[in-house]
Amino acid sequence: MERIDMNHFLKSQNKLLNKDLGNFNLFWVQELDTCAVQPIPYNRRDFYKINLLKGAYTIHLADKTYEIQKRGLFFGNPSYPYNWIPKGADSHSGVYCIFNKEFFHHFGNIDAYQMFRPEGDNVIELTEGLYDEIEGIFEKMDVAFRSAYQHKYDKIRNLIFEVLHSVNEVSTKETRVNRHDAAASRITGSFLELLERQFPLELKNRQVPLRNAADFADTLAIHENYLNRVLKRTMGSTTTQLIQQRFLQEARVLIKHSSIDISEIAYLLGFKEVSHFSNFFKKYEGLSPLQYRKV
């Protein structure tokens, strides 16, 4: 089974596929892999995804929020943004495959399946038996994917359809996925989309327009305290914590993977003084921005 870290994970998803020919990839995620224990950015991807999850997760998808308690299956579509957040101290693991629409050219209409539609059952809580059954299908995909068999991709397509048909036979009542109320889900989705829309900074060369909880609340036309309560309930963190986490993520990328001056990074992220940015960064990373860039 292939182990991956966050950089490899994001790179694999952003640069996945040959859009003319179609393609497919598969990854096993183990307990200690970074992407199993850290939140994934909330945005759209340019591919379809089927993710088998073990552990507790909060999943934000378009304007809906789901809670997986023990085992789940998640279906991602290029049409809507999503992310998932591991919860609790228990182990998190699983397996996922990713592919683009061209991969199924002349092999059926993948969009016709309800789990890939915004109104469908995009997140499903699985029984232990159904989890094991679907994990077995992924294992067959993995064997085929690594083989030299001439028609392996046809076999993989059939196995993906096998997953879809297995899930289609599970009723909504049996999935037992807990959805937050529509208003809270809509507010959470809108907040996350506003937050993510400000990045990446190096492509926009301007300060982030929304820098604190009050800015987001004003834009969403709701009270700051109400926004904070909603996010605390749906995501387990305050508005300020979520903003800081995303700003820190962007800071890491700019410091490590760009030549932009530290002072300019501080300005882009809305810090009035470089010293304030340095203190913020060191608080979470244990290193100053300059030290982090040299590591």
# chains A, B, ... in the order shown; residues from 1 in each chain; ligands from 1
>>> closest_atom_pairs(of="region 81-122 of chain A", to="region 142-159 of chain A", cutoff="10 Å", atoms="only C-alpha atoms", output="CSV")
residue,atom,partner,partner_atom,distance
A:Val95,CA,A:Asp142,CA,10.0
A:Cys97,CA,A:Asp142,CA,9.5
A:Phe103,CA,A:Arg157,CA,8.3
A:Phe104,CA,A:Arg157,CA,7.4
A:Phe107,CA,A:Arg157,CA,7.9
A:Gly108,CA,A:Arg157,CA,9.6
>>> write_last_selection(atoms="all heavy atoms", output="CSV table (one decimal), in the first residue's frame")
chain,number,residue,atom,x,y,z
A,95,VAL,N,-8.9,4.5,1.7
A,95,VAL,CA,-8.4,4.4,0.4
A,95,VAL,C,-9.2,5.3,-0.5
A,95,VAL,O,-10.4,5.5,-0.3
A,95,VAL,CB,-8.4,3.0,-0.1
A,95,VAL,CG1,-9.7,2.3,0.0
A,95,VAL,CG2,-7.8,2.8,-1.5
A,97,CYS,N,-9.9,6.6,-4.9
A,97,CYS,CA,-9.5,6.7,-6.3
A,97,CYS,C,-10.0,8.0,-6.9
A,97,CYS,O,-11.0,8.6,-6.4
A,97,CYS,CB,-10.0,5.5,-7.1
A,97,CYS,SG,-11.8,5.4,-7.3
A,103,PHE,N,-12.2,9.5,-18.5
A,103,PHE,CA,-11.9,8.1,-18.2
A,103,PHE,C,-13.0,7.2,-18.5
A,103,PHE,O,-12.9,6.1,-18.8
A,103,PHE,CB,-11.5,8.0,-16.7
A,103,PHE,CG,-11.0,6.7,-16.3
A,103,PHE,CD1,-9.9,6.1,-16.8
A,103,PHE,CD2,-11.7,5.9,-15.3
A,103,PHE,CE1,-9.5,4.8,-16.4
A,103,PHE,CE2,-11.3,4.7,-14.9
A,103,PHE,CZ,-10.2,4.1,-15.5
A,104,PHE,N,-14.3,7.8,-18.4
A,104,PHE,CA,-15.5,7.0,-18.7
A,104,PHE,C,-16.1,7.3,-20.1
A,104,PHE,O,-17.2,7.0,-20.3
A,104,PHE,CB,-16.5,7.2,-17.6
A,104,PHE,CG,-16.2,6.4,-16.4
A,104,PHE,CD1,-15.5,6.8,-15.3
A,104,PHE,CD2,-16.8,5.1,-16.3
A,104,PHE,CE1,-15.2,6.0,-14.2
A,104,PHE,CE2,-16.5,4.3,-15.2
A,104,PHE,CZ,-15.8,4.7,-14.2
A,107,PHE,N,-18.0,4.7,-21.9
A,107,PHE,CA,-18.2,3.6,-20.9
A,107,PHE,C,-19.4,3.9,-20.0
A,107,PHE,O,-19.4,3.3,-18.9
A,107,PHE,CB,-16.9,3.4,-20.1
A,107,PHE,CG,-15.8,2.8,-20.9
A,107,PHE,CD1,-14.9,3.5,-21.6
A,107,PHE,CD2,-15.7,1.4,-21.0
A,107,PHE,CE1,-13.9,3.0,-22.4
A,107,PHE,CE2,-14.7,0.8,-21.7
A,107,PHE,CZ,-13.8,1.6,-22.4
A,108,GLY,N,-20.3,4.8,-20.3
A,108,GLY,CA,-21.4,5.1,-19.4
A,108,GLY,C,-21.3,6.5,-18.9
A,108,GLY,O,-20.3,7.2,-19.0
>>> closest_atom_pairs(of="region 237-293 of chain A", to="region 196-216 of chain A", cutoff="10 Å", atoms="only C-alpha atoms", output="Markdown table")
| residue | atom | partner | partner_atom | distance |
| --- | --- | --- | --- | --- |
| A:Thr238 | CA | A:Ala213 | CA | 9.0 |
| A:Thr239 | CA | A:Ala213 | CA | 5.7 |
| A:Thr240 | CA | A:Ala213 | CA | 5.8 |
| A:Gln241 | CA | A:Ala213 | CA | 9.4 |
| A:Leu242 | CA | A:Ala213 | CA | 9.5 |
| A:Ile243 | CA | A:Asn212 | CA | 7.0 |
| A:Gln244 | CA | A:Asn212 | CA | 8.8 |
| A:Arg246 | CA | A:Glu196 | CA | 8.1 |
| A:Phe247 | CA | A:Arg211 | CA | 9.0 |
| A:Glu250 | CA | A:Pro200 | CA | 7.3 |
| A:Ala251 | CA | A:Leu201 | CA | 9.5 |
| A:Val253 | CA | A:Pro200 | CA | 9.2 |
| A:Leu254 | CA | A:Glu202 | CA | 7.7 |
| A:Ser258 | CA | A:Glu202 | CA | 8.3 |
| A:Ile260 | CA | A:Glu202 | CA | 8.5 |
| A:Glu264 | CA | A:Gln207 | CA | 9.6 |
| A:Ile265 | CA | A:Leu201 | CA | 8.8 |
| A:Ala266 | CA | A:Gln207 | CA | 9.3 |
| A:Tyr267 | CA | A:Gln207 | CA | 6.5 |
| A:Leu268 | CA | A:Gln207 | CA | 4.1 |
| A:Leu269 | CA | A:Val208 | CA | 5.8 |
| A:Gly270 | CA | A:Gln207 | CA | 6.0 |
| A:Phe271 | CA | A:Arg211 | CA | 9.0 |
>>> write_last_selection(atoms="N, CA, C and O atoms", output="PDB file, in the first residue's frame")
ATOM      1  N   THR A 238     -13.512  27.917  16.201  1.00  0.00           N
ATOM      2  CA  THR A 238     -14.088  29.250  16.103  1.00  0.00           C
ATOM      3  C   THR A 238     -13.762  29.868  14.752  1.00  0.00           C
ATOM      4  O   THR A 238     -12.881  29.385  14.022  1.00  0.00           O
ATOM      5  N   THR A 239     -14.451  30.949  14.438  1.00  0.00           N
ATOM      6  CA  THR A 239     -14.183  31.662  13.186  1.00  0.00           C
ATOM      7  C   THR A 239     -12.728  32.097  13.121  1.00  0.00           C
ATOM      8  O   THR A 239     -12.048  31.903  12.099  1.00  0.00           O
ATOM      9  N   THR A 240     -12.242  32.670  14.193  1.00  0.00           N
ATOM     10  CA  THR A 240     -10.855  33.150  14.223  1.00  0.00           C
ATOM     11  C   THR A 240      -9.876  32.013  14.044  1.00  0.00           C
ATOM     12  O   THR A 240      -8.869  32.140  13.303  1.00  0.00           O
ATOM     13  N   GLN A 241     -10.118  30.883  14.679  1.00  0.00           N
ATOM     14  CA  GLN A 241      -9.219  29.739  14.538  1.00  0.00           C
ATOM     15  C   GLN A 241      -9.161  29.240  13.102  1.00  0.00           C
ATOM     16  O   GLN A 241      -8.080  28.936  12.585  1.00  0.00           O
ATOM     17  N   LEU A 242     -10.303  29.180  12.436  1.00  0.00           N
ATOM     18  CA  LEU A 242     -10.339  28.718  11.052  1.00  0.00           C
ATOM     19  C   LEU A 242      -9.615  29.687  10.127  1.00  0.00           C
ATOM     20  O   LEU A 242      -8.897  29.266   9.206  1.00  0.00           O
ATOM     21  N   ILE A 243      -9.790  30.981  10.354  1.00  0.00           N
ATOM     22  CA  ILE A 243      -9.085  31.985   9.550  1.00  0.00           C
ATOM     23  C   ILE A 243      -7.586  31.855   9.768  1.00  0.00           C
ATOM     24  O   ILE A 243      -6.797  31.847   8.809  1.00  0.00           O
ATOM     25  N   GLN A 244      -7.175  31.745  11.018  1.00  0.00           N
ATOM     26  CA  GLN A 244      -5.753  31.640  11.316  1.00  0.00           C
ATOM     27  C   GLN A 244      -5.144  30.376  10.712  1.00  0.00           C
ATOM     28  O   GLN A 244      -4.025  30.414  10.185  1.00  0.00           O
ATOM     29  N   ARG A 246      -6.086  28.810   8.019  1.00  0.00           N
ATOM     30  CA  ARG A 246      -5.955  28.955   6.559  1.00  0.00           C
ATOM     31  C   ARG A 246      -4.858  29.943   6.206  1.00  0.00           C
ATOM     32  O   ARG A 246      -4.098  29.735   5.247  1.00  0.00           O
ATOM     33  N   PHE A 247      -4.740  31.033   6.980  1.00  0.00           N
ATOM     34  CA  PHE A 247      -3.671  31.992   6.744  1.00  0.00           C
ATOM     35  C   PHE A 247      -2.304  31.344   6.990  1.00  0.00           C
ATOM     36  O   PHE A 247      -1.339  31.597   6.266  1.00  0.00           O
ATOM     37  N   GLU A 250      -1.383  29.185   4.044  1.00  0.00           N
ATOM     38  CA  GLU A 250      -0.909  29.984   2.904  1.00  0.00           C
ATOM     39  C   GLU A 250       0.478  30.544   3.188  1.00  0.00           C
ATOM     40  O   GLU A 250       1.327  30.609   2.293  1.00  0.00           O
ATOM     41  N   ALA A 251       0.720  30.939   4.431  1.00  0.00           N
ATOM     42  CA  ALA A 251       2.036  31.461   4.799  1.00  0.00           C
ATOM     43  C   ALA A 251       3.117  30.414   4.585  1.00  0.00           C
ATOM     44  O   ALA A 251       4.198  30.717   4.061  1.00  0.00           O
ATOM     45  N   VAL A 253       3.148  27.946   2.465  1.00  0.00           N
ATOM     46  CA  VAL A 253       3.369  27.766   1.032  1.00  0.00           C
ATOM     47  C   VAL A 253       4.209  28.901   0.461  1.00  0.00           C
ATOM     48  O   VAL A 253       5.177  28.679  -0.286  1.00  0.00           O
ATOM     49  N   LEU A 254       3.864  30.144   0.800  1.00  0.00           N
ATOM     50  CA  LEU A 254       4.582  31.300   0.260  1.00  0.00           C
ATOM     51  C   LEU A 254       6.025  31.359   0.760  1.00  0.00           C
ATOM     52  O   LEU A 254       6.938  31.721   0.006  1.00  0.00           O
ATOM     53  N   SER A 258       8.039  30.145  -2.621  1.00  0.00           N
ATOM     54  CA  SER A 258       8.100  31.369  -3.416  1.00  0.00           C
ATOM     55  C   SER A 258       9.308  32.187  -2.966  1.00  0.00           C
ATOM     56  O   SER A 258       9.895  31.916  -1.918  1.00  0.00           O
ATOM     57  N   ILE A 260       8.985  35.471  -2.564  1.00  0.00           N
ATOM     58  CA  ILE A 260       8.407  36.714  -2.061  1.00  0.00           C
ATOM     59  C   ILE A 260       9.021  37.051  -0.704  1.00  0.00           C
ATOM     60  O   ILE A 260       9.181  36.179   0.156  1.00  0.00           O
ATOM     61  N   GLU A 264       6.564  41.240   2.411  1.00  0.00           N
ATOM     62  CA  GLU A 264       5.480  41.254   1.436  1.00  0.00           C
ATOM     63  C   GLU A 264       4.432  40.195   1.783  1.00  0.00           C
ATOM     64  O   GLU A 264       3.234  40.431   1.629  1.00  0.00           O
ATOM     65  N   ILE A 265       4.876  39.036   2.239  1.00  0.00           N
ATOM     66  CA  ILE A 265       3.936  37.996   2.654  1.00  0.00           C
ATOM     67  C   ILE A 265       3.082  38.502   3.809  1.00  0.00           C
ATOM     68  O   ILE A 265       1.860  38.308   3.841  1.00  0.00           O
ATOM     69  N   ALA A 266       3.735  39.166   4.765  1.00  0.00           N
ATOM     70  CA  ALA A 266       3.002  39.732   5.901  1.00  0.00           C
ATOM     71  C   ALA A 266       1.940  40.720   5.411  1.00  0.00           C
ATOM     72  O   ALA A 266       0.795  40.706   5.885  1.00  0.00           O
ATOM     73  N   TYR A 267       2.307  41.569   4.446  1.00  0.00           N
ATOM     74  CA  TYR A 267       1.366  42.549   3.900  1.00  0.00           C
ATOM     75  C   TYR A 267       0.205  41.849   3.198  1.00  0.00           C
ATOM     76  O   TYR A 267      -0.966  42.204   3.413  1.00  0.00           O
ATOM     77  N   LEU A 268       0.504  40.843   2.358  1.00  0.00           N
ATOM     78  CA  LEU A 268      -0.540  40.145   1.616  1.00  0.00           C
ATOM     79  C   LEU A 268      -1.553  39.476   2.544  1.00  0.00           C
ATOM     80  O   LEU A 268      -2.750  39.411   2.242  1.00  0.00           O
ATOM     81  N   LEU A 269      -1.062  39.004   3.692  1.00  0.00           N
ATOM     82  CA  LEU A 269      -1.932  38.337   4.652  1.00  0.00           C
ATOM     83  C   LEU A 269      -2.617  39.311   5.613  1.00  0.00           C
ATOM     84  O   LEU A 269      -3.336  38.886   6.518  1.00  0.00           O
ATOM     85  N   GLY A 270      -2.389  40.608   5.417  1.00  0.00           N
ATOM     86  CA  GLY A 270      -3.113  41.600   6.182  1.00  0.00           C
ATOM     87  C   GLY A 270      -2.494  42.001   7.506  1.00  0.00           C
ATOM     88  O   GLY A 270      -3.161  42.642   8.329  1.00  0.00           O
ATOM     89  N   PHE A 271      -1.219  41.642   7.735  1.00  0.00           N
ATOM     90  CA  PHE A 271      -0.550  42.043   8.970  1.00  0.00           C
ATOM     91  C   PHE A 271       0.025  43.448   8.801  1.00  0.00           C
ATOM     92  O   PHE A 271       0.711  43.739   7.812  1.00  0.00           O
TER      93      PHE A 271
END
>>> residues_around(residues="Phe75 (chain A)", least_positions_apart="2", cutoff="9 Å", atoms="only C-alpha atoms", output="PyMOL selection string")
chain A and resi 48-51+73+77+115-116+121-124
>>> write_last_selection(atoms="all heavy atoms", output="short mmCIF file (atom, residue, chain, number, x, y, z; two decimals), in the first residue's frame")
data_model
loop_
_atom_site.label_atom_id
_atom_site.label_comp_id
_atom_site.auth_asym_id
_atom_site.auth_seq_id
_atom_site.Cartn_x
_atom_site.Cartn_y
_atom_site.Cartn_z
N TYR A 48 -13.22 13.52 -10.43
CA TYR A 48 -14.13 12.79 -9.57
C TYR A 48 -13.33 12.03 -8.52
O TYR A 48 -12.17 11.65 -8.77
CB TYR A 48 -14.96 11.80 -10.39
CG TYR A 48 -15.90 12.44 -11.37
CD1 TYR A 48 -15.43 12.92 -12.60
CD2 TYR A 48 -17.25 12.58 -11.08
CE1 TYR A 48 -16.28 13.51 -13.51
CE2 TYR A 48 -18.13 13.18 -11.99
CZ TYR A 48 -17.63 13.64 -13.20
OH TYR A 48 -18.48 14.24 -14.10
N LYS A 49 -13.97 11.77 -7.39
CA LYS A 49 -13.26 11.09 -6.32
C LYS A 49 -14.22 10.16 -5.58
O LYS A 49 -15.37 10.52 -5.30
CB LYS A 49 -12.67 12.09 -5.33
CG LYS A 49 -11.95 11.45 -4.15
CD LYS A 49 -11.26 12.52 -3.32
CE LYS A 49 -10.38 11.87 -2.29
NZ LYS A 49 -9.59 12.84 -1.54
N ILE A 50 -13.75 8.95 -5.28
CA ILE A 50 -14.46 8.03 -4.40
C ILE A 50 -13.51 7.72 -3.25
O ILE A 50 -12.43 7.18 -3.45
CB ILE A 50 -14.87 6.73 -5.11
CG1 ILE A 50 -15.69 7.03 -6.35
CG2 ILE A 50 -15.65 5.82 -4.16
CD1 ILE A 50 -16.04 5.80 -7.17
N ASN A 51 -13.93 8.09 -2.02
CA ASN A 51 -13.04 8.01 -0.86
C ASN A 51 -13.67 7.12 0.22
O ASN A 51 -14.74 7.44 0.75
CB ASN A 51 -12.80 9.42 -0.32
CG ASN A 51 -11.60 9.51 0.62
OD1 ASN A 51 -11.14 10.59 0.91
ND2 ASN A 51 -11.08 8.38 1.08
N LEU A 73 -18.23 6.48 3.12
CA LEU A 73 -17.85 6.54 1.72
C LEU A 73 -18.27 7.91 1.20
O LEU A 73 -19.41 8.34 1.39
CB LEU A 73 -18.55 5.43 0.94
CG LEU A 73 -18.07 5.15 -0.48
CD1 LEU A 73 -16.61 4.71 -0.49
CD2 LEU A 73 -18.94 4.06 -1.12
N ASN A 77 -17.33 15.44 -6.82
CA ASN A 77 -17.63 15.78 -8.21
C ASN A 77 -16.96 17.12 -8.53
O ASN A 77 -16.92 18.00 -7.65
CB ASN A 77 -19.15 15.87 -8.37
CG ASN A 77 -19.60 16.15 -9.78
OD1 ASN A 77 -19.14 17.08 -10.42
ND2 ASN A 77 -20.52 15.34 -10.28
N MET A 115 -25.09 9.46 -6.49
CA MET A 115 -24.08 9.84 -5.51
C MET A 115 -23.11 10.91 -6.03
O MET A 115 -22.37 11.51 -5.26
CB MET A 115 -23.31 8.62 -5.00
CG MET A 115 -22.56 7.86 -6.06
SD MET A 115 -23.65 6.81 -7.07
CE MET A 115 -24.21 5.62 -5.87
N PHE A 116 -23.09 11.14 -7.34
CA PHE A 116 -22.27 12.21 -7.90
C PHE A 116 -23.08 13.46 -8.20
O PHE A 116 -22.56 14.42 -8.76
CB PHE A 116 -21.57 11.74 -9.18
CG PHE A 116 -20.40 10.83 -8.93
CD1 PHE A 116 -20.41 9.53 -9.39
CD2 PHE A 116 -19.29 11.28 -8.24
CE1 PHE A 116 -19.34 8.69 -9.16
CE2 PHE A 116 -18.21 10.45 -8.01
CZ PHE A 116 -18.23 9.15 -8.46
N ASP A 121 -26.94 11.16 -2.41
CA ASP A 121 -26.27 10.71 -1.19
C ASP A 121 -24.77 10.70 -1.43
O ASP A 121 -24.17 9.67 -1.75
CB ASP A 121 -26.77 9.30 -0.81
CG ASP A 121 -28.21 9.30 -0.37
OD1 ASP A 121 -28.65 10.31 0.23
OD2 ASP A 121 -28.91 8.31 -0.60
N ASN A 122 -24.16 11.86 -1.28
CA ASN A 122 -22.73 12.01 -1.56
C ASN A 122 -21.85 11.44 -0.46
O ASN A 122 -20.68 11.15 -0.69
CB ASN A 122 -22.38 13.49 -1.76
CG ASN A 122 -23.35 14.20 -2.66
OD1 ASN A 122 -24.08 15.07 -2.22
ND2 ASN A 122 -23.37 13.83 -3.93
N VAL A 123 -22.38 11.34 0.75
CA VAL A 123 -21.64 10.80 1.88
C VAL A 123 -22.50 9.74 2.54
O VAL A 123 -23.67 9.99 2.87
CB VAL A 123 -21.29 11.90 2.90
CG1 VAL A 123 -20.49 11.32 4.07
CG2 VAL A 123 -20.49 13.01 2.23
N ILE A 124 -21.94 8.56 2.74
CA ILE A 124 -22.72 7.44 3.26
C ILE A 124 -21.98 6.80 4.43
O ILE A 124 -20.79 6.49 4.33
CB ILE A 124 -22.96 6.39 2.16
CG1 ILE A 124 -23.77 7.01 1.03
CG2 ILE A 124 -23.65 5.16 2.71
CD1 ILE A 124 -23.95 6.11 -0.16
#
>>> closest_residue(among="A:Gly136, A:Gly76, A:Pro289, A:Gly55", to="His276 (chain A)", atoms="only C-alpha atoms")
A:Pro289
>>> residues_around(residues="region 186-191 of chain A", least_positions_apart="5", cutoff="9 Å", atoms="only C-alpha atoms", output="PyMOL selection string")
chain A and resi 42+60-65+81-82+181+196+216-217+220+227+230-231+234-235
>>> closest_residue(among="A:Leu130, A:Tyr284, A:Ser263, A:Lys272", to="Leu248 (chain A)", atoms="only C-alpha atoms")
A:Tyr284
